[in-house]
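A.B. asks: Would you mind keeping the following structure in view while I ask a few things?
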Number of protein chains: 2
Amino acid sequence: MITVLAGGVGAARFLEGLAAVVPGREITIISNTGDDLELAGLHVSPDTDIVIYTLAGAINPETGWGLAGDTFNVIDQLQRFGYERWFNLGDRDLAMAIHRTARLRQGWPMHRIVEELTRAWGLELRILPMSDDPVRTVIETPGGTLAFQEYMVRLRTEPEVAAIRFAGIESARPAPGVLEALRSASAVILAPSNPFVSIGPILAVPGIRQALAETTAPRAAISPIIAGQVVKGPAARMLEQLGHEVSAVGVARLYQGLIDLFVLDEADADLAPAVEALGMRALVLPTLMSTPERKRALAAAILAALERTP
Amino acid sequence: MITVLAGGVGAARFLEGLAAVVPGREITIISNTGDDLELAGLHVSPDTDIVIYTLAGAINPETGWGLAGDTFNVIDQLQRFGYERWFNLGDRDLAMAIHRTARLRQGWPMHRIVEELTRAWGLELRILPMSDDPVRTVIETPGGTLAFQEYMVRLRTEPEVAAIRFAGIESARPAPGVLEALRSASAVILAPSNPFVSIGPILAVPGIRQALAETTAPRAAISPIIAGQVVKGPAARMLEQLGHEVSAVGVARLYQGLIDLFVLDEADADLAPAVEALGMRALVLPTLMSTPERKRALAAAILAALERTP
């Protein structure tokens, strides 16, 4: 069983490659729900849904989120009732939010809902929310506190990040199966997601960081930073604003003590010694997942390296 | 102030005519919420919304419900999660249900929500739900109990109706403003709606029937039955199955003691004496509301007759 800690777009691309080289029933994904939001009273789980849609081959390839060919008639019409339209949820995408919300109102725990949604999309792999309890990523800026999606979508990551908090984290428990998926895995992979707001909330759920630190499985992380840049999202900016080195090494340092192997892009081969000085092996690979072949090759190479990890 | 007790399609057509001859701020509509339903966890108020959409000029003229030019992408997609698609709610129509549900979750009473929705559609008149409390029309059939929309939409009114109940009615209170709108009206009109499942639930809310019986305002009802037939819906079938005369007289008898004036179609002119024998005046008019002119003329003629009613 391979367990992957996953955020949204970057993780979903990596998982596409992994699912192409490993049977779905051998994959468990621990999904970030810190960026969940309520929109017009509906519960939306952007990271989980990006992973599901991508693996189901239904994702909008141009945006990396939402469903290909979706329409936006509901969200258009909601403006009549005073809703702002900065979070763009398509009509078919909204059906997922409607059903998730209906299940929550019926008292279903999130892990059961995500399991049902995963099956409804015909996927065999297992997706676990990091927690059944609500956790909300909060961005502290000099101008005040922002909900994560306000920072990310409404304000396009423009405000300076002073600190990141996870509201509700103290009382959040790992969803059933999460700790076991870390302890009994044959390998654990931290996807090339934002270390602060995608992997960060997962690790912050009490018990998860320790289970990762203590598992006997070999563990790898893939740098979302290539040559000091990020493919998508605010990871580079956050590294800088929070006082970290803006490089793959800066990311590796955040995972010190938690991983055995750190995957660097070829463009960062010169950083391998600095990574290894942190007490982990550096693995230099082509990490830009621009084609299905590259995605598969990346997953296969990481699995092979993990198998060789004692 | 003119107060109208209203169901869905037939009432909406009559109200179009009324709104064309009376300023909106002088009209109060008491709307049936007995046919409300939950669809995928969303609260839908079909009768109230038909009235709003019709008066806003946004109704689908072919169906008499839903919005003109609406799409059905959400409801299509909901089938992935196991929902049956017998209740066809359009995407823009669904935005109304989403917002109504969000407000209910925020603790808003239905009358405040309906007021907000009415304003959001640019209407000046006042629409009051019959009650803020949930009331559900239930159809008893030889084969068992059916929720109203199951009977009406899913089973296309085919089951035999043995009895009609209004679940929750004992503890339902008239929405704020409802009794006052009956007591202080200058005229009260029962729209040409189904007497059992549109006007019936409104009259069954404790206090409403009595307020109508006791108001000093002149009161009229319009027959939804013309020449023993109904323009739309199961009113004729229900009259028959529940042991009533299938005619305008059968309807008039249901309103005995509650109205001063009963409006019959020209095709039923010969029934006028039988209506008057019930202790109400019969008013024979062209009641088929097939054009805007006919709608206006019907409303104007009824108002004129009510003004002459002592």
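In the structure tokens, chains take the letters A, B, ... in the order shown, each chain's residues start at 1, and ligands count up from 1 in the order shown.
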Residues within 10 Å of A:Pro176, please, as a compact mmCIF listing (two decimals) with N, CA and C atoms, in the first residue's frame. Count only C-alpha atoms; anything in the same chain fewer than 3 positions from it doesn't count.
C.D. replies:
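Generated output (around_14.txt):
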# COMPACT_ATOMS: atom_id res chain seq x y z
N PRO A 109 -20.02 11.16 8.35
CA PRO A 109 -18.68 11.73 8.53
C PRO A 109 -18.02 11.92 7.16
N HIS A 111 -15.20 11.17 5.91
CA HIS A 111 -14.48 10.08 5.23
C HIS A 111 -15.44 9.14 4.49
N ARG A 112 -16.65 8.99 5.04
CA ARG A 112 -17.62 8.14 4.35
C ARG A 112 -18.14 8.84 3.10
N LEU A 128 -8.84 9.48 1.61
CA LEU A 128 -9.25 9.79 2.98
C LEU A 128 -9.08 11.28 3.22
N PRO A 129 -10.11 11.94 3.73
CA PRO A 129 -9.86 13.32 4.18
C PRO A 129 -8.89 13.24 5.36
N MET A 130 -8.08 14.26 5.54
CA MET A 130 -7.13 14.22 6.67
C MET A 130 -7.87 14.08 7.99
N SER A 131 -9.09 14.64 8.05
CA SER A 131 -9.87 14.61 9.28
C SER A 131 -11.35 14.71 8.95
N ASP A 132 -12.18 14.11 9.77
CA ASP A 132 -13.62 14.32 9.65
C ASP A 132 -14.03 15.65 10.30
N ARG A 173 -9.23 15.31 14.82
CA ARG A 173 -8.63 13.97 14.91
C ARG A 173 -8.41 13.44 13.50
N LEU A 179 -4.07 7.22 10.23
CA LEU A 179 -2.84 6.83 10.94
C LEU A 179 -2.38 5.44 10.49
N GLU A 180 -3.37 4.54 10.32
CA GLU A 180 -3.07 3.18 9.87
C GLU A 180 -2.45 3.20 8.47
N ALA A 181 -2.92 4.09 7.63
CA ALA A 181 -2.38 4.18 6.27
C ALA A 181 -0.94 4.66 6.27
A.B. asks: Excluding same-chain residues fewer than 6 positions from A:Thr287, what lies within 9 Å of it counting only C-alpha atoms, as an MDAnalysis selection string?
C.D. replies: chainID A and resid 222:224 226 263:266 294:295 298
A.B. asks: Restricting the output to N, CA and C atoms, write the selected residues as a tab-separated table (two decimals), in the first residue's frame.
C.D. replies:
chain	number	residue	atom	x	y	z
A	222	ILE	N	8.36	15.26	-2.85
A	222	ILE	CA	8.74	15.82	-4.15
A	222	ILE	C	8.68	17.34	-4.04
A	223	SER	N	9.73	17.99	-4.47
A	223	SER	CA	9.76	19.45	-4.36
A	223	SER	C	8.76	20.10	-5.30
A	224	PRO	N	7.91	20.98	-4.79
A	224	PRO	CA	7.05	21.75	-5.69
A	224	PRO	C	7.80	22.95	-6.27
A	226	ILE	N	10.92	24.37	-8.39
A	226	ILE	CA	11.90	24.03	-9.43
A	226	ILE	C	12.64	25.31	-9.79
A	263	VAL	N	12.93	14.53	-3.57
A	263	VAL	CA	13.05	14.51	-5.03
A	263	VAL	C	13.18	15.93	-5.55
A	264	LEU	N	14.31	16.18	-6.20
A	264	LEU	CA	14.67	17.49	-6.76
A	264	LEU	C	14.57	17.43	-8.27
A	265	ASP	N	14.24	18.53	-8.86
A	265	ASP	CA	14.25	18.56	-10.32
A	265	ASP	C	15.70	18.62	-10.84
A	266	GLU	N	15.87	18.14	-12.05
A	266	GLU	CA	17.19	18.19	-12.69
A	266	GLU	C	17.78	19.61	-12.67
A	294	ARG	N	5.86	11.63	-18.72
A	294	ARG	CA	6.70	12.19	-17.67
A	294	ARG	C	6.09	11.93	-16.29
A	295	LYS	N	4.75	11.99	-16.21
A	295	LYS	CA	4.09	11.71	-14.92
A	295	LYS	C	4.36	10.26	-14.50
A	298	LEU	N	8.05	9.70	-13.53
A	298	LEU	CA	8.38	10.27	-12.22
A	298	LEU	C	7.90	9.33	-11.11
A.B. asks: Could you work out which residues of chain A fall inside 8 Å of chain B? Count only C-alpha atoms, and format the result as a PyMOL selection string.
C.D. replies: chain A and resi 40-42+71+73-75+77-78+80-81+91-92+94-96+98-99+101-102+105+117+120-121
A.B. asks: Do a neighbour search on B:Ala68 at 9 Å with only C-alpha atoms, toss out local chain neighbours closer than 4 positions, and write the hits as a PyMOL selection string.
C.D. replies: chain B and resi 58-62
A.B. asks: Could you tell me how far atom CA of B:Asn88 lies from atom CA of B:Leu242, in Å and to one decimal?
C.D. replies: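 Pair atom CA of B:Asn88 / atom CA of B:Leu242 returns 28.6 Å.
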A.B. asks: Taking only C-alpha atoms into account, which of A:Val9, A:Val22, A:Ile189, A:Ile225 comes nearest A:Trp65?
C.D. replies: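 Nearest to A:Trp65: A:Val9.
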A.B. asks: Using only C-alpha atoms, determine which residues lie at most 9 Å from B:Ala272, disregarding the query and same-chain residues fewer than 3 positions distant; provide the list as a ChimeraX atom specification.
C.D. replies: /B:249,262,264,268-269,275-277,281-284
A.B. asks: Write down as a ChimeraX atom specification the residues belonging to stretch 219-250 of chain A that are assigned alpha helix (DSSP H) by DSSP computed on the backbone.
C.D. replies: /A:235-241,248-250
A.B. asks: Output N, CA and C atoms of each residue in that selection to a file, as a PDB file, in the first residue's frame.
C.D. replies:
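Just written: again.pdb:
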ATOM      1  N   ALA A 235       3.513  28.849  -3.376  1.00  0.00           N
ATOM      2  CA  ALA A 235       4.520  28.232  -2.506  1.00  0.00           C
ATOM      3  C   ALA A 235       5.808  29.056  -2.450  1.00  0.00           C
ATOM      4  N   ALA A 236       6.291  29.537  -3.587  1.00  0.00           N
ATOM      5  CA  ALA A 236       7.552  30.298  -3.600  1.00  0.00           C
ATOM      6  C   ALA A 236       7.388  31.589  -2.807  1.00  0.00           C
ATOM      7  N   ARG A 237       6.293  32.273  -3.047  1.00  0.00           N
ATOM      8  CA  ARG A 237       6.040  33.528  -2.326  1.00  0.00           C
ATOM      9  C   ARG A 237       5.941  33.285  -0.815  1.00  0.00           C
ATOM     10  N   MET A 238       5.284  32.204  -0.443  1.00  0.00           N
ATOM     11  CA  MET A 238       5.142  31.907   0.989  1.00  0.00           C
ATOM     12  C   MET A 238       6.492  31.578   1.624  1.00  0.00           C
ATOM     13  N   LEU A 239       7.319  30.822   0.911  1.00  0.00           N
ATOM     14  CA  LEU A 239       8.661  30.530   1.446  1.00  0.00           C
ATOM     15  C   LEU A 239       9.372  31.842   1.764  1.00  0.00           C
ATOM     16  N   GLU A 240       9.322  32.762   0.814  1.00  0.00           N
ATOM     17  CA  GLU A 240      10.012  34.035   0.986  1.00  0.00           C
ATOM     18  C   GLU A 240       9.407  34.841   2.133  1.00  0.00           C
ATOM     19  N   GLN A 241       8.090  34.997   2.106  1.00  0.00           N
ATOM     20  CA  GLN A 241       7.443  35.870   3.083  1.00  0.00           C
ATOM     21  C   GLN A 241       7.516  35.306   4.501  1.00  0.00           C
ATOM     22  N   ALA A 248      14.241  24.461  -3.482  1.00  0.00           N
ATOM     23  CA  ALA A 248      13.911  23.093  -3.067  1.00  0.00           C
ATOM     24  C   ALA A 248      14.494  22.798  -1.687  1.00  0.00           C
ATOM     25  N   VAL A 249      15.648  23.369  -1.389  1.00  0.00           N
ATOM     26  CA  VAL A 249      16.256  23.130  -0.068  1.00  0.00           C
ATOM     27  C   VAL A 249      15.361  23.697   1.035  1.00  0.00           C
ATOM     28  N   GLY A 250      14.794  24.854   0.766  1.00  0.00           N
ATOM     29  CA  GLY A 250      13.870  25.452   1.741  1.00  0.00           C
ATOM     30  C   GLY A 250      12.707  24.525   2.035  1.00  0.00           C
TER      31      GLY A 250
END
A.B. asks: Give me the residues within 8 Å of stretch 197-206 of chain A as a compact mmCIF listing (two decimals) with C-alpha atoms, in the first residue's frame, counting only C-alpha atoms and dropping any in the same chain fewer than 4 places off.
C.D. replies:
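What landed in selection-v9.txt:
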# COMPACT_ATOMS: atom_id res chain seq x y z
CA LEU A 5 -0.28 13.12 1.27
CA ALA A 6 -1.96 15.37 -1.27
CA GLY A 7 -3.05 18.92 -1.90
CA GLY A 8 -4.73 19.94 -5.16
CA ILE A 30 -4.69 11.53 2.48
CA SER A 31 -6.36 14.67 1.22
CA ASN A 32 -6.07 18.22 2.55
CA THR A 33 -9.41 19.60 3.68
CA GLY A 34 -7.96 22.76 5.22
CA ASP A 35 -8.97 24.73 2.14
CA MET A 130 -7.13 14.22 6.67
CA SER A 131 -9.87 14.61 9.28
CA THR A 137 -6.56 27.30 6.87
CA ILE A 164 -0.59 30.65 8.60
CA PHE A 166 -5.27 26.11 10.97
CA ILE A 169 -6.72 21.97 14.39
CA GLU A 170 -6.34 21.42 18.15
CA ALA A 172 -9.23 17.71 14.95
CA ARG A 173 -8.63 13.97 14.91
CA PRO A 174 -7.18 12.07 11.97
CA LEU A 190 4.42 13.72 0.07
CA SER A 193 2.10 20.32 -3.12
A.B. asks: Can you list every residue in stretch 37-285 of chain B that DSSP puts in strand (DSSP E), as a ChimeraX atom specification?
C.D. replies: /B:37-39,42-44,126-129,136-141,144-147,163-167,187-190,219-222,225-226,229-230,261-265,281-285
A.B. asks: Out of B:Ala19, B:Val44, B:Leu89, B:Val138, which residue has the shortest atom-to-atom distance to B:Arg126 when counting only C-alpha atoms?
C.D. replies: B:Ala19
A.B. asks: As a short mmCIF file (atom, residue, chain, number, x, y, z; two decimals) with N, CA and C atoms, in the first residue's frame, please: the residues near A:Glu158 (cut-off 10 Å, only C-alpha atoms, same-chain neighbours under 6 positions excluded).
C.D. replies:
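Written out: part.cif:
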data_model
loop_
_atom_site.label_atom_id
_atom_site.label_comp_id
_atom_site.auth_asym_id
_atom_site.auth_seq_id
_atom_site.Cartn_x
_atom_site.Cartn_y
_atom_site.Cartn_z
N TYR A 151 -7.80 34.56 0.31
CA TYR A 151 -6.40 34.86 -0.04
C TYR A 151 -6.06 34.30 -1.42
N MET A 152 -6.43 33.05 -1.63
CA MET A 152 -5.98 32.31 -2.81
C MET A 152 -6.71 32.73 -4.07
N PRO A 234 1.12 29.69 -4.67
CA PRO A 234 1.91 30.67 -3.92
C PRO A 234 3.07 30.08 -3.10
N ARG A 237 6.29 32.27 -3.05
CA ARG A 237 6.04 33.53 -2.33
C ARG A 237 5.94 33.28 -0.81
#
